[in-house]
Each structure stands twice: as C-alpha cells, then as structure tokens.
$ cat data08.txt   # compact mmCIF, C-alpha atoms
# COMPACT_ATOMS: atom_id res chain seq x y z
CA MET V 141 13.20 134.25 47.14
CA PHE V 142 12.97 130.57 47.95
CA SER V 143 11.62 127.39 46.40
CA LEU V 144 11.99 123.75 47.39
CA SER V 145 14.25 120.91 46.30
CA GLY V 146 12.84 118.70 43.57
CA SER V 147 10.35 121.38 42.54
CA PHE V 148 9.20 122.01 38.99
CA HIS V 149 7.73 125.41 38.15
CA GLY V 150 8.11 125.63 34.37
CA ARG V 151 10.55 126.23 31.54
CA SER V 152 10.70 130.00 31.10
CA ILE V 153 13.74 131.66 32.67
CA GLY V 154 11.98 132.85 35.81
CA ALA V 155 10.23 129.54 36.34
CA LEU V 156 13.40 127.58 35.57
CA SER V 157 15.26 129.61 38.18
CA LEU V 158 12.74 128.38 40.75
CA THR V 159 12.81 124.80 39.43
CA ALA V 160 15.24 122.96 41.69
CA GLN V 161 16.22 120.21 39.23
CA GLU V 162 19.55 120.36 37.43
CA LYS V 163 18.34 118.35 34.43
CA TYR V 164 15.94 121.15 33.51
CA GLN V 165 18.26 124.05 34.33
CA LYS V 166 21.59 122.95 32.87
CA ASN V 167 21.10 124.08 29.26
CA PHE V 168 19.65 127.48 30.11
CA ARG V 169 22.17 129.11 32.42
CA PRO V 170 22.70 131.82 33.56
CA LEU V 171 19.42 131.92 35.45
CA LEU V 172 18.04 134.56 37.79
CA SER V 173 20.00 135.39 40.92
CA HIS V 174 18.81 135.72 44.52
CA ILE V 175 16.81 132.48 44.41
CA ARG V 176 17.64 129.66 46.82
CA HIS V 177 16.30 126.12 47.06
CA LEU V 178 15.58 124.67 50.49
CA PRO V 179 15.18 120.96 51.30
CA PHE V 180 11.60 119.79 50.82
CA ASN V 181 9.64 119.46 54.08
CA ASP V 182 12.69 120.40 56.20
CA VAL V 183 11.24 122.64 58.92
CA ASP V 184 14.62 123.31 60.57
CA GLU V 185 16.19 124.59 57.33
CA LEU V 186 13.10 126.68 56.67
CA GLU V 187 13.39 128.42 60.02
CA LYS V 188 17.14 128.94 59.62
CA ASN V 189 16.87 130.67 56.24
CA ILE V 190 13.71 132.79 56.31
CA ASP V 191 14.17 136.32 57.66
CA GLN V 192 13.20 139.95 57.06
CA SER V 193 15.02 139.98 53.70
CA THR V 194 12.80 137.23 52.24
CA ALA V 195 10.60 138.50 49.40
CA ALA V 196 8.63 135.39 48.47
CA PHE V 197 8.36 131.66 48.98
CA PHE V 198 7.26 129.40 46.10
CA LEU V 199 5.92 125.88 46.66
CA GLU V 200 3.94 123.04 45.13
CA PRO V 201 1.41 121.52 47.58
CA ILE V 202 2.36 118.17 46.09
CA LYS V 203 5.45 117.74 43.95
CA GLY V 204 4.62 116.40 40.50
CA GLU V 205 7.89 116.07 38.58
CA GLY V 206 9.67 115.69 41.91
CA GLY V 207 8.06 112.34 42.79
CA VAL V 208 4.42 112.97 43.81
CA ILE V 209 5.32 113.96 47.37
CA PRO V 210 2.84 116.07 49.41
CA ILE V 211 4.02 119.00 51.47
CA SER V 212 3.72 118.30 55.20
CA GLN V 213 1.21 120.03 57.45
CA VAL V 214 4.00 120.81 59.92
CA PHE V 215 5.99 122.56 57.18
CA ILE V 216 2.98 124.65 56.13
CA GLU V 217 2.26 125.68 59.71
CA LYS V 218 5.86 126.80 60.23
CA LEU V 219 5.79 128.67 56.91
CA MET V 220 2.64 130.57 57.93
CA ASP V 221 4.16 131.36 61.30
CA LEU V 222 7.25 132.80 59.59
CA LYS V 223 5.07 134.80 57.20
CA ARG V 224 3.34 136.45 60.16
CA ARG V 225 6.76 137.42 61.51
CA PHE V 226 8.47 138.56 58.29
CA ASN V 227 5.61 139.47 55.91
CA PHE V 228 6.87 137.78 52.72
CA LEU V 229 4.65 136.50 49.91
CA ILE V 230 3.58 132.86 49.61
CA VAL V 231 3.14 131.74 46.01
CA VAL V 232 1.47 128.36 45.40
CA ASP V 233 2.01 126.52 42.13
CA GLU V 234 -1.21 124.60 41.41
CA ILE V 235 -0.48 123.92 37.73
CA GLN V 236 -0.55 120.14 38.24
CA SER V 237 -2.38 119.81 41.55
CA GLY V 238 -5.21 122.30 40.97
CA VAL V 239 -8.72 122.21 39.51
CA GLY V 240 -10.03 119.24 41.48
CA ARG V 241 -7.04 116.94 41.05
CA THR V 242 -6.59 116.33 44.79
CA GLY V 243 -10.26 116.34 45.83
CA LYS V 244 -10.24 120.06 46.60
CA PHE V 245 -10.48 122.68 43.89
CA TYR V 246 -6.96 123.71 44.87
CA ALA V 247 -4.67 121.46 46.89
CA TYR V 248 -3.57 124.23 49.27
CA GLU V 249 -7.09 124.12 50.76
CA ARG V 250 -6.21 120.78 52.34
CA PHE V 251 -3.61 122.50 54.54
CA GLY V 252 -5.47 125.59 55.72
CA LEU V 253 -2.95 127.70 53.79
CA LYS V 254 -3.78 131.26 52.69
CA PRO V 255 -1.45 132.05 49.74
CA ASP V 256 -0.87 135.51 48.30
CA LEU V 257 -0.68 134.22 44.72
CA VAL V 258 -1.84 131.02 43.02
CA ALA V 259 -0.63 129.88 39.59
CA THR V 260 -3.20 127.74 37.80
CA ALA V 261 -3.40 126.23 34.31
CA LYS V 262 -3.49 122.79 32.58
CA ALA V 263 -6.93 121.47 33.63
CA LEU V 264 -8.31 125.02 33.97
CA GLY V 265 -9.20 125.17 30.28
CA GLY V 266 -10.94 121.80 30.17
CA GLY V 267 -8.57 120.59 27.46
CA LEU V 268 -7.92 123.95 25.83
CA PRO V 269 -4.86 126.12 26.63
CA LEU V 270 -5.66 128.43 29.52
CA GLY V 271 -3.66 129.73 32.47
CA ALA V 272 -4.19 132.32 35.15
CA PHE V 273 -2.78 133.67 38.36
CA ILE V 274 -4.96 134.55 41.31
CA VAL V 275 -3.92 137.18 43.85
CA SER V 276 -5.07 138.32 47.26
CA ASP V 277 -6.83 141.66 47.75
CA ALA V 278 -3.57 143.19 48.92
CA LEU V 279 -1.99 142.55 45.49
CA LYS V 280 -4.95 143.27 43.20
CA ASP V 281 -3.58 146.66 42.10
CA VAL V 282 0.03 145.60 41.41
CA PHE V 283 -0.77 145.27 37.70
CA GLY V 284 -3.00 147.72 35.88
CA PRO V 285 -4.81 147.14 32.58
CA GLY V 286 -2.32 146.74 29.74
CA GLU V 287 0.75 146.40 31.96
CA HIS V 288 1.11 142.66 31.44
CA GLY V 289 -0.20 140.21 28.85
CA THR V 290 0.37 137.21 26.64
CA THR V 291 -0.14 136.75 22.91
CA PHE V 292 -2.71 133.95 23.07
CA GLY V 293 -4.09 134.68 26.54
CA GLY V 294 -7.75 135.19 27.30
CA ASN V 295 -9.25 134.23 23.96
CA PRO V 296 -13.06 133.80 24.08
CA LEU V 297 -13.15 130.08 23.24
CA CYS V 298 -10.66 129.03 25.93
CA CYS V 299 -12.26 131.31 28.53
CA ALA V 300 -15.70 129.85 27.79
CA ALA V 301 -14.27 126.35 28.23
CA GLY V 302 -12.59 127.46 31.44
CA LEU V 303 -15.82 128.87 32.88
CA ALA V 304 -17.65 125.65 32.09
CA THR V 305 -14.85 123.58 33.64
CA VAL V 306 -14.79 125.64 36.83
CA GLY V 307 -18.56 125.41 37.12
CA ILE V 308 -18.53 121.61 36.99
CA ILE V 309 -15.42 120.83 39.03
CA SER V 310 -16.10 123.34 41.82
CA ASP V 311 -19.35 121.53 42.61
CA GLU V 312 -19.08 120.01 46.09
CA ASP V 313 -20.56 116.68 45.03
CA PHE V 314 -18.07 116.41 42.16
CA LEU V 315 -15.12 117.02 44.49
CA LEU V 316 -16.47 114.46 46.96
CA SER V 317 -16.64 111.95 44.10
CA VAL V 318 -12.93 112.53 43.43
CA ASP V 319 -12.14 111.62 47.03
CA LYS V 320 -14.32 108.52 46.79
CA THR V 321 -12.67 107.40 43.57
CA SER V 322 -9.26 108.15 45.09
CA ASN V 323 -9.95 105.73 47.94
CA ALA V 324 -10.85 103.00 45.45
CA PHE V 325 -7.74 103.67 43.36
CA ILE V 326 -5.48 103.62 46.42
CA SER V 327 -7.06 100.36 47.59
CA MET V 328 -6.26 98.88 44.17
CA LEU V 329 -2.62 99.97 44.49
CA TYR V 330 -2.33 98.41 47.94
CA GLU V 331 -3.83 95.19 46.61
CA LEU V 332 -1.12 95.20 43.96
CA LYS V 333 1.48 95.84 46.68
CA GLU V 334 0.41 92.67 48.48
CA GLU V 335 1.52 90.64 45.47
CA PHE V 336 4.58 92.75 44.65
CA ASP V 337 5.76 93.84 48.07
CA ASP V 338 9.36 93.28 47.02
CA VAL V 339 8.90 95.82 44.20
CA ILE V 340 6.51 98.49 45.51
CA GLU V 341 8.18 100.54 48.22
CA GLU V 342 5.64 103.29 48.93
CA ILE V 343 2.23 104.57 47.80
CA ARG V 344 1.40 108.24 48.37
CA GLY V 345 -0.43 111.26 47.04
CA MET V 346 -3.73 113.07 47.32
CA GLY V 347 -6.98 112.63 45.44
CA LEU V 348 -6.24 111.40 41.94
CA MET V 349 -2.63 112.56 41.95
CA LEU V 350 -0.89 109.40 43.13
CA GLY V 351 2.63 108.04 43.09
CA VAL V 352 4.03 104.54 43.54
CA ASP V 353 7.72 104.16 44.34
CA ILE V 354 9.19 101.03 42.79
CA ALA V 355 12.57 99.47 43.42
CA GLU V 356 13.75 99.38 39.81
CA LYS V 357 12.91 99.29 36.09
CA GLY V 358 10.57 102.29 36.10
CA PRO V 359 10.96 103.11 32.38
CA GLU V 360 10.41 99.44 31.47
CA VAL V 361 7.16 99.42 33.44
CA VAL V 362 5.96 102.53 31.61
CA THR V 363 6.67 101.04 28.18
CA ALA V 364 5.09 97.68 29.02
CA ALA V 365 2.03 99.31 30.60
CA ILE V 366 1.43 101.37 27.47
CA ASP V 367 1.74 98.20 25.38
CA ASN V 368 -0.95 96.70 27.64
CA GLY V 369 -3.23 99.70 27.14
CA LEU V 370 -2.52 101.62 30.35
CA ILE V 371 -1.00 105.11 30.27
CA VAL V 372 1.33 105.90 33.17
CA ASN V 373 4.66 107.68 33.43
CA VAL V 374 7.68 107.65 35.71
CA THR V 375 9.03 110.70 37.50
CA ALA V 376 12.01 111.33 39.77
CA GLY V 377 13.55 108.16 38.35
CA LYS V 378 11.49 105.62 40.28
CA THR V 379 7.98 106.93 40.93
CA LEU V 380 5.10 105.73 38.79
CA ARG V 381 2.76 108.72 38.51
CA PHE V 382 -0.98 108.19 38.12
CA LEU V 383 -3.11 111.13 36.97
CA PRO V 384 -6.33 109.50 35.74
CA PRO V 385 -9.34 111.50 34.53
CA LEU V 386 -11.42 112.79 37.43
CA ILE V 387 -14.47 111.01 36.01
CA ILE V 388 -13.06 107.47 36.12
CA THR V 389 -15.31 104.75 37.52
CA ASN V 390 -14.71 101.61 39.54
CA ASP V 391 -14.86 99.64 36.30
CA HIS V 392 -11.96 101.71 34.94
CA ILE V 393 -10.02 101.13 38.16
CA SER V 394 -10.56 97.38 37.93
CA GLU V 395 -9.38 97.41 34.33
CA ALA V 396 -6.30 99.45 35.32
CA TYR V 397 -5.54 96.94 38.08
CA GLN V 398 -5.61 94.01 35.68
CA LYS V 399 -3.38 95.77 33.17
CA LEU V 400 -0.95 96.94 35.83
CA ARG V 401 -0.81 93.48 37.37
CA LYS V 402 -0.13 91.97 33.95
CA THR V 403 2.65 94.53 33.43
CA PHE V 404 4.28 93.85 36.80
CA ARG V 405 4.17 90.09 36.25
CA ALA V 406 5.84 90.47 32.87
CA ILE V 407 8.59 92.76 34.24
CA TYR V 408 9.25 91.27 37.68
CA ARG V 409 8.14 87.62 37.57
CA THR V 410 9.62 86.31 34.30
$ encode --input "data08.txt" --output "structure tokens"
Amino acid sequence: MFSLSGSFHGRSIGALSLTAQEKYQKNFRPLLSHIRHLPFNDVDELEKNIDQSTAAFFLEPIKGEGGVIPISQVFIEKLMDLKRRFNFLIVVDEIQSGVGRTGKFYAYERFGLKPDLVATAKALGGGLPLGAFIVSDALKDVFGPGEHGTTFGGNPLCCAAGLATVGIISDEDFLLSVDKTSNAFISMLYELKEEFDDVIEEIRGMGLMLGVDIAEKGPEVVTAAIDNGLIVNVTAGKTLRFLPPLIITNDHISEAYQKLRKTFRAIYRT
C-alpha cells in the first residue's frame, strides 16, 4: 500500500502507518508494515513504484496538516491510468476537505477521480461526532452486518444532524456560494500580499480550504491573530491555514482582512 509524503490520515495505528509525518509516528512505533510513502505530486516516482503487487493507494485531494497543498491533475490522471493497468484500490481521505469545504461536496470531484473508498467525517455531523466510509458497488459486500462497528457510531442524534447537514450542503446553490466566497477570500489574501510581499510567499488551496506560506514567525502570527480576534493556525511549520465557516459573508472577510493586516503590521513592521 502507498500514501504520500506530508500526508495526515489519523492517529490510530493503521492511520498513523499511512501518515507520512515523523512527528506523529515517532511515539507509536512499531507501525504496520508493507506501507510506503511516495513524494507528493511526483508522477515519475508514482509510475516507478506502482505495479501488480499494489493493493491500495491512499491520498488526500488537498493536504491539510501537510501545508494545504492540492494534488495535481497530472498526478491524478497518471494514478487512474495505473489503476486501469494494475487494478488496485484508490482510497480518498476527505476528512478535512469533504462536505463542501472546497466548493464541491467532496474535493475528489474537482479532478474527475473515481475512488473505490472515501473516508468522511468532521463536518459530516454538522458539529456532532459522525464519520463514515463510502465504497463503490464492487466493495459493498466486503463487510456484512455485525462484522465491523464502533462504540459510539451511528447514534440517532448524530445521524439526524448528519442528514440535515448533507441536505443543506449538497445543494448546488450552496456549493456555488462557497466558490463565490472563496474568490472573495482569495482576493483579500492577495491584497494583503501586495503590502507584505516580502513576507507572503504563496497563496493556494481550493474553496474555503486555503493556505498562505509565510517566510517566518508562523506561531507568532497565530498567537497575535487570536489576540486580535481572528482564529487561524499554522501547519507544516510555515503555512497559515484558513478554514472559515462555509456561511461567511463579505463583511466577515473584510473584518478578517483588517485583523490580519493589523497582525502582520505588529509582527513584521515594528
């Protein structure tokens, strides 16, 4: 099985084995064997390593903990070509990127990808704990009733919240509004970059899952932003990660701009 460098798939032993970040793995070894991590978006390494012995390939459409970096269309197309040749499973981790976060209900839809399994959680419960995995028709009979479960899984309250959440966020107009708001948020970030071009190195992401690479002092920016009333975090050491509510308005974006600008001025101009 394969996953990609910088990936984050969770903290249970199986998920940690797929998570290609030493800081998460180091205290939990030994992990599962027969799992290898390939360089993210490296098509040549992908083609060199995939063969008839490959069982499954795990990926995030956009790395969250790994720096808010989208998978490339070229990489996805090569992966699908290799799947047609070697018939392995493609497993997409949509825990962070799913349920409308990128302007599609699931981010893999942006790439024309047809996964065999999709892991989904976090936003799925609309604020309550809920997770699920979705499988293709070919895999629907792998588990039978009672063969797999979880202590707190599938309780009526969380499932009702999940159904309501899916009903709202899967609406086409709602998803289009996420894209529209994303454009406004990205424009705000580029306006900030004009003033702090020596600090902001790159802006990237999809929908309302956005990352801003900064030259230095990431943790200081996070602390100062929170003091100014803006919640943001830093991932991969230097990437400010923005995951605002999907219902934010232009007024919220303007307020975020003012608070972020105030933060940057305090950190980088004094």
$ atom_distance --input "data08.txt" --atom1 "atom CA of Ala261 of chain V" --atom2 "atom CA of Ile235 of chain V"
5.1 Å
$ closest_residue --input "data08.txt" --among "V:Phe273, V:Phe314, V:Phe226, V:Tyr397" --to "Leu329 of chain V" --atoms "only C-alpha atoms"
V:Tyr397
$ closest_residue --input "data08.txt" --among "V:Leu257, V:Ile366, V:Leu332, V:Val339" --to "Gln398 of chain V" --atoms "all atoms listed in the file"
V:Leu332
$ closest_atom_pairs --input "data08.txt" --of "segment 254-338 of chain V" --to "segment 206-220 of chain V" --cutoff "12 Å" --atoms "all atoms listed in the file" --output "Markdown table"
| residue | atom | partner | partner_atom | distance |
| --- | --- | --- | --- | --- |
| V:Lys254 | CA | V:Met220 | CA | 8.3 |
| V:Pro255 | CA | V:Met220 | CA | 9.3 |
| V:Asp256 | CA | V:Met220 | CA | 11.4 |
$ residues_around --input "data08.txt" --residues "Gly351 of chain V" --least-positions-apart "4" --cutoff "9 Å" --atoms "all atoms listed in the file" --output "count of residues only"
15
$ residues_around --input "data08.txt" --residues "segment 177-184 of chain V" --least-positions-apart "5" --cutoff "6 Å" --atoms "all atoms listed in the file" --output "VMD selection string"
chain V and resid 142 to 145 215
$ write_last_selection --input "data08.txt" --atoms "C-alpha atoms" --output "JSON list (two decimals), in the frame of the given file"
[["chain", "number", "residue", "atom", "x", "y", "z"],
["V", 142, "PHE", "CA", 12.97, 130.57, 47.95],
["V", 143, "SER", "CA", 11.62, 127.39, 46.40],
["V", 144, "LEU", "CA", 11.99, 123.75, 47.39],
["V", 145, "SER", "CA", 14.25, 120.91, 46.30],
["V", 215, "PHE", "CA", 5.99, 122.56, 57.18]]
$ atom_distance --input "data08.txt" --atom1 "atom CA of Ala396 of chain V" --atom2 "atom CA of Val306 of chain V"
27.6 Å
$ residues_around --input "data08.txt" --residues "Asp367 of chain V" --least-positions-apart "5" --cutoff "10 Å" --atoms "all atoms listed in the file" --output "list in words"
Val361, Val362, Lys399 and Thr403 of chain V
$ residues_around --input "data08.txt" --residues "Tyr164 of chain V" --least-positions-apart "6" --cutoff "12 Å" --atoms "only C-alpha atoms" --output "PyMOL selection string"
chain V and resi 146-153+155-158+171+205-206
$ closest_residue --input "data08.txt" --among "V:Val275, V:Pro285, V:Arg401, V:Met141" --to "Glu334 of chain V" --atoms "only C-alpha atoms"
V:Arg401
$ atom_distance --input "data08.txt" --atom1 "atom CA of Ser322 of chain V" --atom2 "atom CA of Val231 of chain V"
26.7 Å
$ residues_around --input "data08.txt" --residues "Ala364 of chain V" --least-positions-apart "5" --cutoff "10 Å" --atoms "all atoms listed in the file" --output "number ranges by chain"
V: 359, 369-372, 399-400, 402-404, 406-407
$ closest_residue --input "data08.txt" --among "V:Asp337, V:Leu264, V:Glu356, V:Asp221" --to "Gln236 of chain V" --atoms "all atoms listed in the file"
V:Leu264
$ closest_residue --input "data08.txt" --among "V:Leu279, V:Leu253, V:Leu386, V:Ile202" --to "Thr305 of chain V" --atoms "all atoms listed in the file"
V:Leu386
$ closest_residue --input "data08.txt" --among "V:Glu162, V:Arg250, V:Met346, V:Glu395" --to "Ala376 of chain V" --atoms "only C-alpha atoms"
V:Glu162
